[in-house]
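Chemist: What follows is protein23.pdb, made up of PDB, C-alpha atoms:
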ATOM      1  CA  MET A 160       0.000   0.000   0.000  1.00  0.00           C
ATOM      2  CA  SER A 161       1.384   3.380  -0.919  1.00  0.00           C
ATOM      3  CA  ASP A 162       1.398   6.362   1.389  1.00  0.00           C
ATOM      4  CA  ASP A 163       1.176   8.696  -1.597  1.00  0.00           C
ATOM      5  CA  LEU A 164      -2.354   9.867  -2.289  1.00  0.00           C
ATOM      6  CA  GLU A 165      -3.346  11.452  -5.533  1.00  0.00           C
ATOM      7  CA  LEU A 166      -5.907  14.116  -4.844  1.00  0.00           C
ATOM      8  CA  ASP A 167      -7.840  15.926  -7.513  1.00  0.00           C
ATOM      9  CA  THR A 168      -6.950  19.487  -6.717  1.00  0.00           C
ATOM     10  CA  ASP A 169      -8.295  20.966  -9.930  1.00  0.00           C
ATOM     11  CA  ASP A 170     -10.661  23.770  -9.105  1.00  0.00           C
ATOM     12  CA  ASP A 171     -12.659  23.363 -12.290  1.00  0.00           C
ATOM     13  CA  PHE A 172     -15.993  23.706 -10.562  1.00  0.00           C
ATOM     14  CA  GLU A 173     -17.953  26.822  -9.865  1.00  0.00           C
ATOM     15  CA  GLU A 174     -18.318  27.909  -6.296  1.00  0.00           C
ATOM     16  CA  GLU A 175     -21.767  27.355  -4.927  1.00  0.00           C
ATOM     17  CA  LYS A 176     -23.741  30.533  -4.525  1.00  0.00           C
ATOM     18  CA  VAL A 177     -25.053  30.963  -1.015  1.00  0.00           C
ATOM     19  CA  LEU A 178     -28.579  32.288  -0.853  1.00  0.00           C
ATOM     20  CA  VAL A 179     -28.820  34.800   1.926  1.00  0.00           C
ATOM     21  CA  LEU A 180     -32.333  35.328   3.168  1.00  0.00           C
ATOM     22  CA  SER A 181     -33.455  38.366   5.032  1.00  0.00           C
ATOM     23  CA  GLU A 182     -33.629  37.874   8.770  1.00  0.00           C
ATOM     24  CA  LYS A 183     -37.427  38.189   8.756  1.00  0.00           C
ATOM     25  CA  ARG A 184     -37.790  35.581   5.993  1.00  0.00           C
ATOM     26  CA  GLN A 185     -35.355  33.237   7.771  1.00  0.00           C
ATOM     27  CA  LEU A 186     -37.460  33.466  10.938  1.00  0.00           C
ATOM     28  CA  GLU A 187     -40.565  32.549   8.922  1.00  0.00           C
ATOM     29  CA  VAL A 188     -38.805  29.551   7.376  1.00  0.00           C
ATOM     30  CA  ASP A 189     -37.542  28.404  10.781  1.00  0.00           C
ATOM     31  CA  ARG A 190     -41.017  28.774  12.296  1.00  0.00           C
ATOM     32  CA  ASP A 191     -42.623  26.785   9.480  1.00  0.00           C
ATOM     33  CA  ALA A 192     -39.987  24.049   9.742  1.00  0.00           C
ATOM     34  CA  ARG A 193     -40.525  23.823  13.492  1.00  0.00           C
ATOM     35  CA  ARG A 194     -44.303  23.654  13.039  1.00  0.00           C
ATOM     36  CA  ARG A 195     -43.974  20.812  10.504  1.00  0.00           C
ATOM     37  CA  LEU A 196     -41.590  18.924  12.789  1.00  0.00           C
ATOM     38  CA  GLU A 197     -43.896  19.295  15.782  1.00  0.00           C
ATOM     39  CA  GLN A 198     -46.829  18.092  13.667  1.00  0.00           C
ATOM     40  CA  LYS A 199     -44.910  14.989  12.539  1.00  0.00           C
ATOM     41  CA  LEU A 200     -43.859  14.224  16.106  1.00  0.00           C
ATOM     42  CA  GLU A 201     -47.438  14.575  17.331  1.00  0.00           C
ATOM     43  CA  GLU A 202     -48.700  12.289  14.549  1.00  0.00           C
ATOM     44  CA  ALA A 203     -46.069   9.680  15.450  1.00  0.00           C
ATOM     45  CA  ARG A 204     -47.009   9.902  19.136  1.00  0.00           C
ATOM     46  CA  LEU A 205     -50.705   9.465  18.387  1.00  0.00           C
ATOM     47  CA  LYS A 206     -50.035   6.579  16.008  1.00  0.00           C
ATOM     48  CA  LYS A 207     -47.961   4.833  18.656  1.00  0.00           C
ATOM     49  CA  GLN A 208     -50.716   5.279  21.250  1.00  0.00           C
ATOM     50  CA  THR A 209     -53.519   4.082  18.982  1.00  0.00           C
ATOM     51  CA  GLN A 210     -51.835   1.111  17.288  1.00  0.00           C
ATOM     52  CA  ASP A 211     -53.314  -2.301  17.945  1.00  0.00           C
ATOM     53  CA  TYR A 212     -51.706  -4.213  20.755  1.00  0.00           C
ATOM     54  CA  ASP A 213     -50.729  -7.833  20.126  1.00  0.00           C
ATOM     55  CA  PHE A 214     -51.238  -9.696  23.375  1.00  0.00           C
ATOM     56  CA  ASP A 215     -50.040 -13.283  23.289  1.00  0.00           C
ATOM     57  CA  LEU A 216     -52.313 -15.004  25.772  1.00  0.00           C
ATOM     58  CA  ASP A 217     -51.162 -18.579  25.067  1.00  0.00           C
TER
END
Represent the structure from my file as structure tokens, please.

Modeler:
Amino acid sequence: MSDDLELDTDDDFEEEKVLVLSEKRQLEVDRDARRRLEQKLEEARLKKQTQDYDFDLD
């Protein structure tokens, strides 16, 4: 095994453009993401509580 590594150091790709949102818009996005997450967690909790139980009474 060789200790020499060949790395592709060619910078022939364009730098990704970072989209900067206004602070107000970022807060709206964060709030919506949090709301969706809380809704999914609540749905999972309710599903877990209401699923059929499999009691093995043998």

Chemist: Enter the distance from CA of Leu200 (chain A) to CA of Leu186 (chain A), in Å, rounded to one decimal.

Modeler: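 These two atoms are separated by 20.9 Å.
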
Chemist: To one decimal in Å, tell me the separation between CA of Asp191 (chain A) and CA of Gln208 (chain A).

Modeler: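 For CA of Asp191 (chain A) relative to CA of Gln208 (chain A), the distance reads 25.8 Å.
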
Chemist: What is the distance, in Å and to one decimal place, between CA of Leu196 (chain A) and CA of Ser181 (chain A)?

Modeler: 22.5 Å
